[in-house]
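Engineer: Got model-v5.tsv for you, TSV, C-alpha atoms:
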chain	number	residue	atom	x	y	z
A	1146	MET	CA	-25.12	21.18	24.20
A	1147	LYS	CA	-26.55	18.08	25.83
A	1148	LEU	CA	-26.23	14.41	24.87
A	1149	THR	CA	-28.50	11.69	26.23
A	1150	TRP	CA	-27.81	8.00	25.63
A	1151	TYR	CA	-30.62	5.45	25.38
A	1152	GLY	CA	-28.39	2.42	24.98
A	1153	HIS	CA	-26.68	0.81	21.99
A	1154	ALA	CA	-26.06	3.60	19.42
A	1155	CYS	CA	-29.09	5.80	20.16
A	1156	PHE	CA	-28.46	9.36	21.34
A	1157	ARG	CA	-30.48	12.55	21.53
A	1158	LEU	CA	-28.49	15.73	20.86
A	1159	GLU	CA	-29.95	19.00	22.14
A	1160	THR	CA	-28.39	22.32	21.10
A	1161	ASP	CA	-29.25	26.00	21.00
A	1162	ARG	CA	-30.16	25.52	17.32
A	1163	GLY	CA	-32.31	22.43	17.59
A	1164	SER	CA	-32.34	18.73	18.38
A	1165	LEU	CA	-31.86	15.41	16.67
A	1166	VAL	CA	-31.89	11.71	17.50
A	1167	PHE	CA	-29.26	9.32	16.18
A	1168	ASP	CA	-30.01	5.65	15.43
A	1169	PRO	CA	-33.21	4.85	17.37
A	1170	TYR	CA	-33.80	1.09	17.67
A	1171	GLU	CA	-36.94	-0.96	17.22
A	1172	ASP	CA	-38.85	-2.16	20.26
A	1173	ASP	CA	-37.90	-5.66	21.45
A	1174	TYR	CA	-34.93	-5.77	19.03
A	1175	LEU	CA	-32.29	-5.41	21.73
A	1176	PRO	CA	-32.52	-7.52	24.91
A	1177	GLY	CA	-33.31	-5.40	27.95
A	1178	LEU	CA	-33.68	-2.15	25.99
A	1179	ARG	CA	-36.86	-0.38	24.98
A	1180	LEU	CA	-36.91	3.01	23.30
A	1181	PRO	CA	-38.71	5.62	25.42
A	1182	LYS	CA	-41.00	8.22	23.89
A	1183	LEU	CA	-38.68	10.66	22.14
A	1184	SER	CA	-39.22	13.85	20.21
A	1185	ALA	CA	-36.75	15.85	18.15
A	1186	ASP	CA	-36.47	18.19	15.20
A	1187	ALA	CA	-34.80	15.47	13.10
A	1188	VAL	CA	-33.87	11.78	13.12
A	1189	ILE	CA	-30.74	10.39	11.48
A	1190	CYS	CA	-30.23	6.65	10.94
A	1191	SER	CA	-26.81	5.39	9.93
A	1192	HIS	CA	-28.20	2.35	8.11
A	1193	GLY	CA	-31.31	0.20	7.77
A	1194	HIS	CA	-30.83	-2.51	10.40
A	1195	GLY	CA	-33.51	-2.66	13.08
A	1196	ASP	CA	-31.19	-1.74	15.92
A	1197	HIS	CA	-30.47	1.61	14.22
A	1198	SER	CA	-33.41	2.53	11.99
A	1199	ASN	CA	-36.61	3.11	13.98
A	1200	ALA	CA	-37.15	6.65	12.70
A	1201	GLY	CA	-40.90	6.23	13.21
A	1202	GLY	CA	-40.30	5.78	16.93
A	1203	VAL	CA	-39.34	9.46	17.28
A	1204	GLU	CA	-41.99	12.19	17.16
A	1205	LEU	CA	-40.85	15.07	14.98
A	1206	THR	CA	-41.52	18.58	16.23
A	1207	GLY	CA	-41.94	20.06	12.75
A	1208	ALA	CA	-39.23	22.63	13.45
A	1209	SER	CA	-35.99	22.92	11.53
A	1210	HIS	CA	-33.09	21.39	13.42
A	1211	GLY	CA	-30.77	24.21	12.39
A	1212	LEU	CA	-27.59	22.17	12.82
A	1213	GLY	CA	-24.82	21.94	10.29
A	1214	ILE	CA	-24.76	18.37	9.00
A	1215	THR	CA	-21.98	16.55	7.14
A	1216	GLN	CA	-22.40	12.91	6.15
A	1217	ILE	CA	-19.66	10.53	5.04
A	1218	PRO	CA	-20.53	7.25	3.27
A	1219	CYS	CA	-18.64	4.21	4.55
A	1220	PHE	CA	-19.24	0.52	5.25
A	1221	HIS	CA	-20.61	-1.77	7.94
A	1222	ASP	CA	-17.71	-4.21	7.53
A	1223	GLU	CA	-14.10	-4.48	6.41
A	1224	VAL	CA	-14.95	-5.76	2.90
A	1225	ARG	CA	-16.70	-2.70	1.44
A	1226	GLY	CA	-20.15	-3.75	2.56
A	1227	LEU	CA	-20.16	-7.27	1.16
A	1228	LYS	CA	-21.07	-8.72	4.57
A	1229	ARG	CA	-23.39	-6.12	6.08
A	1230	GLY	CA	-23.89	-3.28	3.63
A	1231	ARG	CA	-23.30	0.43	3.84
A	1232	ASN	CA	-23.07	2.79	6.80
A	1233	LEU	CA	-23.25	6.55	7.17
A	1234	ILE	CA	-21.15	8.73	9.46
A	1235	THR	CA	-22.89	11.95	10.52
A	1236	VAL	CA	-21.17	15.04	11.88
A	1237	ALA	CA	-23.50	17.57	13.55
A	1238	GLU	CA	-22.25	21.11	14.21
A	1239	ALA	CA	-23.71	23.61	16.69
A	1240	GLU	CA	-22.49	25.91	19.46
A	1241	GLY	CA	-19.02	25.86	17.96
A	1242	LYS	CA	-18.72	22.07	18.46
A	1243	ARG	CA	-18.64	19.10	16.10
A	1244	VAL	CA	-20.20	15.81	17.19
A	1245	ALA	CA	-19.50	12.76	15.01
A	1246	HIS	CA	-21.70	9.64	15.21
A	1247	LEU	CA	-19.98	6.74	13.44
A	1248	GLY	CA	-22.99	4.41	13.30
A	1249	ASP	CA	-21.98	0.80	12.71
A	1250	LEU	CA	-18.57	1.56	11.26
A	1251	GLY	CA	-16.77	-1.69	10.47
A	1252	HIS	CA	-13.42	-0.56	9.06
A	1253	GLN	CA	-10.65	1.98	9.41
A	1254	LEU	CA	-11.26	5.24	7.57
A	1255	SER	CA	-9.30	6.16	4.47
A	1256	ARG	CA	-7.17	9.28	4.36
A	1257	SER	CA	-9.83	11.09	2.34
A	1258	GLN	CA	-12.54	10.07	4.83
A	1259	LEU	CA	-10.39	11.27	7.72
A	1260	ARG	CA	-9.90	14.61	5.99
A	1261	GLU	CA	-13.64	14.90	5.42
A	1262	LEU	CA	-14.31	14.04	9.05
A	1263	GLY	CA	-11.91	16.77	10.15
A	1264	ALA	CA	-11.58	18.06	13.69
A	1265	VAL	CA	-14.04	16.43	16.10
A	1266	ASP	CA	-15.02	17.57	19.58
A	1267	VAL	CA	-17.12	14.51	20.50
A	1268	LEU	CA	-16.65	11.15	18.78
A	1269	LEU	CA	-19.42	8.58	19.28
A	1270	ILE	CA	-17.67	5.33	18.31
A	1271	PRO	CA	-18.73	1.66	18.32
A	1272	VAL	CA	-16.42	-0.57	20.37
A	1273	GLY	CA	-18.20	-3.90	20.84
A	1274	GLY	CA	-16.86	-5.81	17.84
A	1275	ILE	CA	-18.56	-8.60	15.83
A	1276	TYR	CA	-20.65	-6.17	13.76
A	1277	THR	CA	-18.45	-3.09	14.15
A	1278	LEU	CA	-14.98	-2.02	15.16
A	1279	ASP	CA	-13.71	-3.90	18.19
A	1280	ALA	CA	-11.87	-2.30	21.11
A	1281	ALA	CA	-8.41	-2.29	19.53
A	1282	GLU	CA	-9.71	-1.07	16.16
A	1283	ALA	CA	-11.71	1.68	17.84
A	1284	LYS	CA	-8.67	2.81	19.82
A	1285	LYS	CA	-6.60	2.91	16.61
A	1286	LEU	CA	-9.19	5.14	14.94
A	1287	CYS	CA	-9.45	7.41	17.97
A	1288	ASP	CA	-5.69	7.87	17.88
A	1289	LEU	CA	-5.96	9.00	14.26
A	1290	VAL	CA	-8.98	11.29	14.68
A	1291	LYS	CA	-7.76	12.77	17.99
A	1292	PRO	CA	-11.18	14.00	19.19
A	1293	ARG	CA	-11.44	16.16	22.30
A	1294	CYS	CA	-13.83	13.62	23.86
A	1295	ILE	CA	-14.54	9.97	23.06
A	1296	VAL	CA	-17.90	8.34	23.82
A	1297	PRO	CA	-17.93	4.54	23.38
A	1298	MET	CA	-21.20	3.01	22.15
A	1299	HIS	CA	-22.62	-0.16	20.60
A	1300	TYR	CA	-21.51	-2.43	23.42
A	1301	ARG	CA	-23.29	-4.78	25.80
A	1302	CYS	CA	-24.30	-3.59	29.27
A	1303	GLY	CA	-24.59	-6.85	31.18
A	1304	GLU	CA	-27.87	-8.42	30.07
A	1305	ARG	CA	-28.87	-5.33	28.10
A	1306	GLY	CA	-27.96	-5.09	24.45
A	1307	LEU	CA	-26.63	-7.58	21.90
A	1308	GLN	CA	-25.28	-10.49	23.90
A	1309	ASN	CA	-22.58	-11.50	21.42
A	1310	VAL	CA	-20.78	-8.16	21.45
A	1311	ALA	CA	-18.25	-7.12	24.08
A	1312	GLU	CA	-18.86	-4.87	27.06
A	1313	SER	CA	-17.04	-1.55	27.26
A	1314	GLY	CA	-14.31	-2.77	29.63
A	1315	GLU	CA	-11.92	-3.98	26.94
A	1316	PHE	CA	-11.97	-0.59	25.22
A	1317	LEU	CA	-11.69	1.34	28.47
A	1318	SER	CA	-8.72	-0.77	29.55
A	1319	LEU	CA	-6.75	0.77	26.67
A	1320	TYR	CA	-6.83	4.16	28.43
A	1321	PRO	CA	-5.41	5.17	31.79
A	1322	GLU	CA	-8.07	5.53	34.48
A	1323	SER	CA	-7.19	9.22	34.77
A	1324	ASP	CA	-8.48	9.72	31.19
A	1325	ILE	CA	-11.96	8.30	31.89
A	1326	GLN	CA	-14.97	10.24	33.15
A	1327	TYR	CA	-17.80	8.02	34.44
A	1328	LEU	CA	-21.13	9.82	34.42
A	1329	GLU	CA	-23.74	9.34	37.11
A	1330	GLY	CA	-26.52	8.97	34.55
A	1331	SER	CA	-27.43	8.85	30.88
A	1332	SER	CA	-27.25	12.60	30.10
A	1333	TRP	CA	-24.19	14.81	29.72
A	1334	GLU	CA	-23.59	18.50	29.25
A	1335	VAL	CA	-20.76	18.49	26.74
A	1336	SER	CA	-19.24	21.68	28.14
A	1337	GLU	CA	-18.67	19.85	31.43
A	1338	ALA	CA	-16.18	17.39	29.94
A	1339	SER	CA	-13.23	16.97	32.25
A	1340	ARG	CA	-11.56	13.88	30.80
A	1341	ARG	CA	-10.90	12.35	27.41
A	1342	VAL	CA	-13.22	9.29	27.48
A	1343	VAL	CA	-16.79	9.81	28.68
A	1344	VAL	CA	-18.82	6.78	29.79
A	1345	PHE	CA	-22.60	7.02	30.20
A	1346	ARG	CA	-24.62	5.06	32.72
A	1347	LEU	CA	-27.95	3.69	31.51
A	1348	SER	CA	-30.98	4.69	33.54
Please rewrite the model in this file as structure tokens.

Structural biologist:
Amino acid sequence: MKLTWYGHACFRLETDRGSLVFDPYEDDYLPGLRLPKLSADAVICSHGHGDHSNAGGVELTGASHGLGITQIPCFHDEVRGLKRGRNLITVAEAEGKRVAHLGDLGHQLSRSQLRELGAVDVLLIPVGGIYTLDAAEAKKLCDLVKPRCIVPMHYRCGERGLQNVAESGEFLSLYPESDIQYLEGSSWEVSEASRRVVVFRLS
């Protein structure tokens, strides 16, 4: 199983069953980021905002993705969507692993949502605040979910990304350095995880 990050909340997941892209963004929507040419068996968008919903920017192969998919309705804010609308959590299962993409989650999950989420191997969680969970809120949720690996997303990388959201440092500071695995690039073989928090480097 391989994950590739394209900045913000966009990932491509490749498995022995098939492939999918999470939350591709529109061109010129995010400063310093431009979606490359991507292809996959499926595209999943957590909600309709332009930094998450460019399904047309991904070429579909026409093949079935073959992954087990569970989706959990939730909200983009802490007031049941009154500020920013709805959001969709997606859990993809393949190769005996469960990968959960939280989209633009803006609140703590209820007990029933946590039960539905279940055991998670890789948790892709927003940490930048303003529009989503901030660092402290993300850490609180991670402590409840207890995933095997945590991948922070939806944060600013210097001049790349939304300039009013935080960088990843505040979230990472909540974990001991010994828990953090810094990748050399933007792709990761999930089986090679050696630490609890995995941080991608944009190409």

Engineer: Would you kindly return, as a compact mmCIF listing (two decimals) with C-alpha atoms, in the coordinates of the input, each protein, DNA or RNA residue with an atom no farther than 7 Å from any atom of stretch 1223-1237 of chain A, considering only C-alpha atoms and excluding same-chain residues fewer than 6 positions away?

Structural biologist:
# COMPACT_ATOMS: atom_id res chain seq x y z
CA SER A 1191 -26.81 5.39 9.93
CA HIS A 1192 -28.20 2.35 8.11
CA LEU A 1212 -27.59 22.17 12.82
CA GLY A 1213 -24.82 21.94 10.29
CA ILE A 1214 -24.76 18.37 9.00
CA THR A 1215 -21.98 16.55 7.14
CA GLN A 1216 -22.40 12.91 6.15
CA ILE A 1217 -19.66 10.53 5.04
CA ARG A 1243 -18.64 19.10 16.10
CA VAL A 1244 -20.20 15.81 17.19
CA ALA A 1245 -19.50 12.76 15.01
CA HIS A 1246 -21.70 9.64 15.21
CA LEU A 1247 -19.98 6.74 13.44
CA GLY A 1248 -22.99 4.41 13.30
CA ASP A 1249 -21.98 0.80 12.71
CA LEU A 1250 -18.57 1.56 11.26
CA GLY A 1251 -16.77 -1.69 10.47
CA HIS A 1252 -13.42 -0.56 9.06

Engineer: Find the distance between atom CA of A:Glu1261 and atom CA of A:Pro1218 and write it in Å to one decimal.

Structural biologist: 10.5 Å

Engineer: For stretch 1332-1346 of chain A, please output as a PyMOL selection string all residues within 6 Å (counting all atoms listed in the file; exclusion window: fewer than 2 positions along the same chain).

Structural biologist: chain A and resi 1146-1149+1294-1296+1324-1328+1330

Engineer: If you count all atoms listed in the file, which residues fall within 6 Å of A:His1210, apart from same-chain ones fewer than 5 positions away, as number ranges by chain?

Structural biologist: A: 1163-1164, 1186

Engineer: Residues of the last selection are to be written out with C-alpha atoms, as a short mmCIF file (atom, residue, chain, number, x, y, z; two decimals), in the coordinates of the input.

Structural biologist:
data_model
loop_
_atom_site.label_atom_id
_atom_site.label_comp_id
_atom_site.auth_asym_id
_atom_site.auth_seq_id
_atom_site.Cartn_x
_atom_site.Cartn_y
_atom_site.Cartn_z
CA GLY A 1163 -32.31 22.43 17.59
CA SER A 1164 -32.34 18.73 18.38
CA ASP A 1186 -36.47 18.19 15.20
#

Engineer: Show which residues sit within 8 Å of A:Ala1154, as a PyMOL selection string. Count only C-alpha atoms, and ignore same-chain residues fewer than 2 positions away.

Structural biologist: chain A and resi 1150-1152+1156+1167-1169+1197+1248+1271+1298-1299

Engineer: Taking all atoms listed in the file into account, name the residue in A:Gly1273, A:Glu1238, A:Asp1266, A:Leu1254 that is nearest to A:Gly1211.

Structural biologist: A:Glu1238
